[in-house]
Amino acid sequence: MPIQLTSQAYCKMLLHAAKYPCCAVNGLLVAEKSKERKKDSHGDMVLCVDCVPLFHGTLALAPMLEVALTLIDTWCKENKYVIAGYYQANERTKDSRPNQVAEKVAARICENFHDAAIVMVDSSRLTISCFEPIVLIYDHHENKWKSREVTSETFEDWSEAQKITSALLEGRSYENLIDFDNHLDDLRNDWTNPVINKSVLDLC
Amino acid sequence: MASVSELYDVGWEEMRDKLRKWREDNCRNSEQIVDVGEELISDHASKLGDDIWIIYEQVMIAALDCSRDDLALTCLQELRKQFPDSHRVKRLSGMRLEALERYDEANKHYDSILQDDPTNTAARKRKISILKAQGKSAEAIRELNEYLEQFVGDQEAWHELSELYINEHDYGKSAFCLEELMMSNPHNHLYCEQYAEVKYTQGGLENLDLSRKYFAQALRLNNRNMRALFGLYMSASHIAASPKVSAKVKKDNMKYAAWAGTQINRAYKLAGRGTKENKCSMKAVEEMLESMQITMS
């Protein structure tokens with residue numbers, strides 16, 4: 001089941017990458033938990049409604065990642081979400097392939113959600129106008145992560161996603177984006193990003 | 001577009017002081033530095049005195065980060081005029097070439113500095129940064145190791161090396177670098193906590209035990225370090241859940257984990273006072289702690 005992105009999920013990923021241009025960043029994608037899992041539901045899209053930005057800088061250390069995964073999993077259960085994917089933007093703009101960290105986290109997510117995907121953000125193509133989607137999506141096939149073509153179908157509404165992301169980038173909303181690292185620095189920082197979510201809603 | 005002084009209602013002295021604070025703290029908030037610095041330079045240059053040269057340097061580097069080559073060149077040209085034979089300015093020229101990805105030319109700049117002055121650490125570090133930018137991590141690590149053999153006290157370099165090793169998943173060598181940093185900075189809780197994280201990631205019961213000790217040490221040095229608190233909770237919980245430990249070790253670690261769990265809950269309650277949104281985080285934490293208790297016993 002390939003994943004699809006809402007405007008909120010897409011723009012928060014890009015805001016995270018824009019907030020820390022000198023660092024690698026990563027995060028989780030969440031989807032609504034569907035009540036019925038039909039046997040022949042292959043081919044149906046999994047809609048990732050939101051994302052939770054996790055870390056910036058050093059991504060390859062285990063303890064805080066474990067804390068974040070457990071905490072966000074609990075939060076998901078409360079809100080009838082499920083962790084459905086993982087996103088990452090590498091430190092070097094020229095490198096947009098998933099690395100060992102991405103594969104390890106995604107494998108962990110796959111334990112709970114069979115069709116988890118890796119979304120890599122290609123920061124070399126990040127622009128304020130957002131004229132094209134800059135994500136690469138990888139699905140797990142036969143023990144390998146294979147990239148899939150990204151079209152406007154990958155988005156719930158590409159022109160809306162484009163409009164909202166562009167507006168928020170221009171308005172420097174990324175300065176207020178909170179990731180899990182920020183939360184650990186000060187617990188009052190809310191990694192669900194209610195302020196940014198509201199901005200997204202206002203622009204819809 | 002409103003100027004910084006209008007938007008934030010600050011005078012030029014406050015802008016100058018803010019830039020100084022960012023310099024001292026080594027912040028890389030380049031967009032802000034460019035906003036404040038550009039205005040300061042264009043409107044108040046005459047009032048800055050000799051400070052202006054270090055501000056030119058700071059703004060130039062920030063401008064490179066923001067792809068503002070126009071601003072970077074302006075600052076660089078002022079510095080070249082004032083300090084025509086300076087190695088420090090030559091290094092800035094090299095950095096501009098790096099920003100334009102003209103790495104070969106940048107390397108020539110740094111090599112010529114090093115020919116003149118083989119002890120110039122800044123030029124050597126820039127050469128290593130170029131290797132890092134080009135994705136040549138193995139070479140960067142090798143050069144940095146050689147550098148550190150000569151300049152054993154360079155803490156920034158030890159920290160950079162520890163990060164390079166983490167990215168290569170060589171946790172043992174990263175830990176070694178952090179050990180050097182902890183030895184020369186025994187009161188720095190961040191190094192302790194990072195060391196503990198690396199040991200935890202390295203895995204194995206012995207490393208987990210070490211990581212628990214260093215998370216605890218980090219907390220002793222700074223009892224508000226949330227990462228250390230969470231880390232103590234996680235490491236103690238994992239040790240207690242391991243089938244290979246003695247009953248006493250299991251009991252001790254369950255005690256440590258329980259203590260850490262209480263502290264975590266307390267910290268969230270304190271943070272959540274008055275805000276409705278944080279109650280969700282708090283609940284999630286409580287449930288997480290509960291679920292881990294179940295796996296432990």
# chains A, B, ... in the order shown; residues from 1 in each chain; ligands from 1
$ residues_around --residues "Ile134 (chain A)" --least-positions-apart "3" --cutoff "9 Å" --atoms "only C-alpha atoms" --output "list in words"
Leu14, Met120, Val121, Asp122, Ser123, Ser124, Arg125, Leu126, Cys130 and Val150 of chain A
$ write_last_selection --atoms "N, CA and C atoms" --output "JSON list (two decimals), in the first residue's frame"
[["chain", "number", "residue", "atom", "x", "y", "z"],
["A", 14, "LEU", "N", 9.25, 19.81, 5.24],
["A", 14, "LEU", "CA", 10.12, 20.80, 4.59],
["A", 14, "LEU", "C", 10.49, 21.91, 5.55],
["A", 120, "MET", "N", 12.61, 10.44, 1.69],
["A", 120, "MET", "CA", 13.83, 11.24, 1.75],
["A", 120, "MET", "C", 13.52, 12.62, 1.17],
["A", 121, "VAL", "N", 13.95, 13.65, 1.88],
["A", 121, "VAL", "CA", 13.75, 15.01, 1.38],
["A", 121, "VAL", "C", 15.00, 15.41, 0.60],
["A", 122, "ASP", "N", 14.82, 15.82, -0.62],
["A", 122, "ASP", "CA", 15.95, 16.22, -1.46],
["A", 122, "ASP", "C", 16.19, 17.71, -1.27],
["A", 123, "SER", "N", 17.02, 18.05, -0.28],
["A", 123, "SER", "CA", 17.19, 19.48, 0.05],
["A", 123, "SER", "C", 17.84, 20.29, -1.06],
["A", 124, "SER", "N", 18.49, 19.60, -2.01],
["A", 124, "SER", "CA", 19.13, 20.39, -3.07],
["A", 124, "SER", "C", 18.08, 21.08, -3.93],
["A", 125, "ARG", "N", 16.83, 20.56, -3.88],
["A", 125, "ARG", "CA", 15.80, 21.18, -4.71],
["A", 125, "ARG", "C", 14.82, 22.01, -3.89],
["A", 126, "LEU", "N", 15.19, 22.32, -2.64],
["A", 126, "LEU", "CA", 14.29, 23.09, -1.78],
["A", 126, "LEU", "C", 14.28, 24.55, -2.23],
["A", 130, "CYS", "N", 8.50, 26.17, -4.17],
["A", 130, "CYS", "CA", 8.04, 24.78, -4.11],
["A", 130, "CYS", "C", 7.39, 24.33, -5.41],
["A", 150, "VAL", "N", 7.44, 9.76, -7.83],
["A", 150, "VAL", "CA", 6.59, 10.69, -7.10],
["A", 150, "VAL", "C", 5.87, 11.59, -8.09]]
$ closest_atom_pairs --of "chain B" --to "chain A" --cutoff "9 Å" --atoms "only C-alpha atoms" --output "JSON lines"
{"residue": "B:Arg28", "atom": "CA", "partner": "A:Cys22", "partner_atom": "CA", "distance": 8.9}
{"residue": "B:Asp65", "atom": "CA", "partner": "A:Cys22", "partner_atom": "CA", "distance": 8.6}
{"residue": "B:Lys132", "atom": "CA", "partner": "A:Arg92", "partner_atom": "CA", "distance": 8.9}
{"residue": "B:Ala133", "atom": "CA", "partner": "A:Arg92", "partner_atom": "CA", "distance": 6.8}
{"residue": "B:Gln134", "atom": "CA", "partner": "A:Arg92", "partner_atom": "CA", "distance": 8.4}
{"residue": "B:Gly135", "atom": "CA", "partner": "A:Arg92", "partner_atom": "CA", "distance": 7.6}
{"residue": "B:Glu163", "atom": "CA", "partner": "A:Thr58", "partner_atom": "CA", "distance": 7.2}
{"residue": "B:Ile166", "atom": "CA", "partner": "A:Ala60", "partner_atom": "CA", "distance": 6.6}
{"residue": "B:Asn167", "atom": "CA", "partner": "A:Ala60", "partner_atom": "CA", "distance": 6.5}
{"residue": "B:His169", "atom": "CA", "partner": "A:Ala60", "partner_atom": "CA", "distance": 7.4}
{"residue": "B:Glu197", "atom": "CA", "partner": "A:Pro63", "partner_atom": "CA", "distance": 6.1}
{"residue": "B:Val198", "atom": "CA", "partner": "A:Leu61", "partner_atom": "CA", "distance": 6.4}
{"residue": "B:Tyr200", "atom": "CA", "partner": "A:Pro63", "partner_atom": "CA", "distance": 6.7}
{"residue": "B:Thr201", "atom": "CA", "partner": "A:Ala62", "partner_atom": "CA", "distance": 5.0}
{"residue": "B:Gln202", "atom": "CA", "partner": "A:Ala62", "partner_atom": "CA", "distance": 8.8}
{"residue": "B:Asn225", "atom": "CA", "partner": "A:Asp185", "partner_atom": "CA", "distance": 7.8}
{"residue": "B:Met226", "atom": "CA", "partner": "A:Leu184", "partner_atom": "CA", "distance": 5.9}
{"residue": "B:Arg227", "atom": "CA", "partner": "A:Leu184", "partner_atom": "CA", "distance": 6.4}
{"residue": "B:Phe230", "atom": "CA", "partner": "A:Val67", "partner_atom": "CA", "distance": 7.3}
{"residue": "B:Gly231", "atom": "CA", "partner": "A:Pro63", "partner_atom": "CA", "distance": 6.1}
{"residue": "B:Met234", "atom": "CA", "partner": "A:Pro63", "partner_atom": "CA", "distance": 7.1}
{"residue": "B:Ser235", "atom": "CA", "partner": "A:Pro63", "partner_atom": "CA", "distance": 8.2}
{"residue": "B:Ala267", "atom": "CA", "partner": "A:Leu187", "partner_atom": "CA", "distance": 7.9}
{"residue": "B:Tyr268", "atom": "CA", "partner": "A:Leu187", "partner_atom": "CA", "distance": 6.7}
{"residue": "B:Ala271", "atom": "CA", "partner": "A:Arg188", "partner_atom": "CA", "distance": 5.4}
{"residue": "B:Gly272", "atom": "CA", "partner": "A:Arg188", "partner_atom": "CA", "distance": 6.8}
{"residue": "B:Thr275", "atom": "CA", "partner": "A:Arg188", "partner_atom": "CA", "distance": 8.8}
{"residue": "B:Glu277", "atom": "CA", "partner": "A:Asp190", "partner_atom": "CA", "distance": 7.7}
{"residue": "B:Asn278", "atom": "CA", "partner": "A:Asp190", "partner_atom": "CA", "distance": 7.0}
{"residue": "B:Cys280", "atom": "CA", "partner": "A:Trp75", "partner_atom": "CA", "distance": 7.5}
{"residue": "B:Ser281", "atom": "CA", "partner": "A:Trp75", "partner_atom": "CA", "distance": 7.5}
{"residue": "B:Lys283", "atom": "CA", "partner": "A:Trp75", "partner_atom": "CA", "distance": 8.3}
{"residue": "B:Ala284", "atom": "CA", "partner": "A:Trp75", "partner_atom": "CA", "distance": 5.5}
{"residue": "B:Val285", "atom": "CA", "partner": "A:Leu71", "partner_atom": "CA", "distance": 6.2}
{"residue": "B:Glu287", "atom": "CA", "partner": "A:Thr74", "partner_atom": "CA", "distance": 6.9}
{"residue": "B:Met288", "atom": "CA", "partner": "A:Leu71", "partner_atom": "CA", "distance": 6.0}
$ closest_residue --among "A:Ser147, A:Leu201, A:Tyr174, A:Val119" --to "Glu160 (chain A)" --atoms "only C-alpha atoms"
A:Leu201
$ residues_around --residues "Val36 (chain B)" --least-positions-apart "4" --cutoff "9 Å" --atoms "only C-alpha atoms" --output "mmCIF file with N, CA, C and O atoms, in the first residue's frame"
data_model
loop_
_atom_site.group_PDB
_atom_site.id
_atom_site.type_symbol
_atom_site.label_atom_id
_atom_site.label_comp_id
_atom_site.auth_asym_id
_atom_site.auth_seq_id
_atom_site.Cartn_x
_atom_site.Cartn_y
_atom_site.Cartn_z
ATOM 1 N N SER B 3 12.737 47.445 8.971
ATOM 2 C CA SER B 3 14.100 47.126 9.390
ATOM 3 C C SER B 3 14.056 46.391 10.716
ATOM 4 O O SER B 3 13.041 46.388 11.420
ATOM 5 N N VAL B 4 15.174 45.776 11.070
ATOM 6 C CA VAL B 4 15.263 45.044 12.330
ATOM 7 C C VAL B 4 15.008 45.983 13.494
ATOM 8 O O VAL B 4 14.278 45.667 14.434
ATOM 9 N N SER B 5 15.613 47.189 13.417
ATOM 10 C CA SER B 5 15.462 48.115 14.540
ATOM 11 C C SER B 5 14.007 48.539 14.717
ATOM 12 O O SER B 5 13.555 48.743 15.837
ATOM 13 N N MET B 15 21.874 45.915 18.930
ATOM 14 C CA MET B 15 22.165 45.046 17.788
ATOM 15 C C MET B 15 23.623 44.590 17.842
ATOM 16 O O MET B 15 23.938 43.417 17.625
ATOM 17 N N ARG B 16 24.509 45.545 18.169
ATOM 18 C CA ARG B 16 25.923 45.211 18.259
ATOM 19 C C ARG B 16 26.163 44.190 19.370
ATOM 20 O O ARG B 16 26.920 43.233 19.213
ATOM 21 N N LYS B 18 23.998 42.055 20.592
ATOM 22 C CA LYS B 18 23.429 40.763 20.213
ATOM 23 C C LYS B 18 24.423 40.002 19.334
ATOM 24 O O LYS B 18 24.649 38.814 19.511
ATOM 25 N N LEU B 19 25.043 40.725 18.387
ATOM 26 C CA LEU B 19 26.013 40.065 17.512
ATOM 27 C C LEU B 19 27.170 39.522 18.320
ATOM 28 O O LEU B 19 27.685 38.438 18.053
ATOM 29 N N GLU B 31 20.626 33.408 9.351
ATOM 30 C CA GLU B 31 19.629 34.349 8.830
ATOM 31 C C GLU B 31 19.507 35.578 9.712
ATOM 32 O O GLU B 31 19.445 36.717 9.236
ATOM 33 N N GLN B 32 19.484 35.334 11.031
ATOM 34 C CA GLN B 32 19.348 36.454 11.961
ATOM 35 C C GLN B 32 20.594 37.336 11.926
ATOM 36 O O GLN B 32 20.505 38.576 11.971
ATOM 37 N N LEU B 40 23.232 46.867 10.630
ATOM 38 C CA LEU B 40 24.216 47.546 11.474
ATOM 39 C C LEU B 40 25.333 48.145 10.630
ATOM 40 O O LEU B 40 25.734 49.290 10.815
ATOM 41 N N ILE B 41 25.820 47.343 9.667
ATOM 42 C CA ILE B 41 26.927 47.796 8.828
ATOM 43 C C ILE B 41 26.489 48.951 7.940
ATOM 44 O O ILE B 41 27.198 49.954 7.806
ATOM 45 N N VAL B 59 29.522 38.580 9.786
ATOM 46 C CA VAL B 59 28.428 38.725 8.821
ATOM 47 C C VAL B 59 28.773 38.032 7.512
ATOM 48 O O VAL B 59 27.920 37.440 6.852
#
$ select_by_dssp --residues "region 33-108 of chain A" --states "alpha helix (DSSP H)" --output "PyMOL selection string"
chain A and resi 62-78+100-108
$ write_last_selection --atoms "C-alpha atoms" --output "PDB file, in the first residue's frame"
ATOM      1  CA  ALA A  62      19.792   5.060  19.988  1.00  0.00           C
ATOM      2  CA  PRO A  63      18.532   6.154  23.414  1.00  0.00           C
ATOM      3  CA  MET A  64      16.592   9.309  22.514  1.00  0.00           C
ATOM      4  CA  LEU A  65      15.298   7.651  19.360  1.00  0.00           C
ATOM      5  CA  GLU A  66      13.865   4.841  21.472  1.00  0.00           C
ATOM      6  CA  VAL A  67      12.268   7.328  23.836  1.00  0.00           C
ATOM      7  CA  ALA A  68      10.768   9.244  20.936  1.00  0.00           C
ATOM      8  CA  LEU A  69       9.431   6.140  19.200  1.00  0.00           C
ATOM      9  CA  THR A  70       7.814   4.840  22.393  1.00  0.00           C
ATOM     10  CA  LEU A  71       6.362   8.203  23.353  1.00  0.00           C
ATOM     11  CA  ILE A  72       5.023   8.966  19.898  1.00  0.00           C
ATOM     12  CA  ASP A  73       3.618   5.459  19.601  1.00  0.00           C
ATOM     13  CA  THR A  74       1.689   6.033  22.833  1.00  0.00           C
ATOM     14  CA  TRP A  75       0.475   9.390  21.551  1.00  0.00           C
ATOM     15  CA  CYS A  76      -0.597   7.740  18.308  1.00  0.00           C
ATOM     16  CA  LYS A  77      -2.681   5.169  20.161  1.00  0.00           C
ATOM     17  CA  GLU A  78      -4.427   7.992  22.048  1.00  0.00           C
ATOM     18  CA  GLN A 100      21.716   2.851   7.584  1.00  0.00           C
ATOM     19  CA  VAL A 101      19.888   4.978  10.159  1.00  0.00           C
ATOM     20  CA  ALA A 102      16.890   5.388   7.854  1.00  0.00           C
ATOM     21  CA  GLU A 103      16.760   1.677   7.090  1.00  0.00           C
ATOM     22  CA  LYS A 104      17.070   0.701  10.745  1.00  0.00           C
ATOM     23  CA  VAL A 105      14.298   3.008  11.933  1.00  0.00           C
ATOM     24  CA  ALA A 106      12.068   2.040   9.034  1.00  0.00           C
ATOM     25  CA  ALA A 107      12.624  -1.644   9.812  1.00  0.00           C
ATOM     26  CA  ARG A 108      11.529  -0.941  13.377  1.00  0.00           C
TER      27      ARG A 108
END
$ atom_distance --atom1 "CA of Leu64 (chain B)" --atom2 "CA of Ile196 (chain A)"
28.6 Å
$ residues_around --residues "region 136-153 of chain B" --least-positions-apart "6" --cutoff "8 Å" --atoms "only C-alpha atoms" --output "PDB file with C-alpha atoms, in the first residue's frame"
ATOM      1  CA  ARG B 124      43.965  22.783   8.197  1.00  0.00           C
ATOM      2  CA  LYS B 125      40.469  22.562   9.603  1.00  0.00           C
ATOM      3  CA  ILE B 128      39.117  18.841   6.504  1.00  0.00           C
ATOM      4  CA  SER B 129      35.746  20.569   6.136  1.00  0.00           C
ATOM      5  CA  LEU B 161      35.867  13.666  15.188  1.00  0.00           C
ATOM      6  CA  LEU B 164      32.289  11.847  12.225  1.00  0.00           C
ATOM      7  CA  TYR B 165      32.756   8.474  13.911  1.00  0.00           C
TER       8      TYR B 165
END
$ atom_distance --atom1 "CA of Ala17 (chain A)" --atom2 "CA of Asp70 (chain B)"
24.6 Å
$ residues_around --residues "Arg96 (chain B)" --least-positions-apart "3" --cutoff "9 Å" --atoms "only C-alpha atoms" --output "number ranges by chain"
B: 60-61, 64, 69, 72-73, 76, 91-93, 99-102, 106
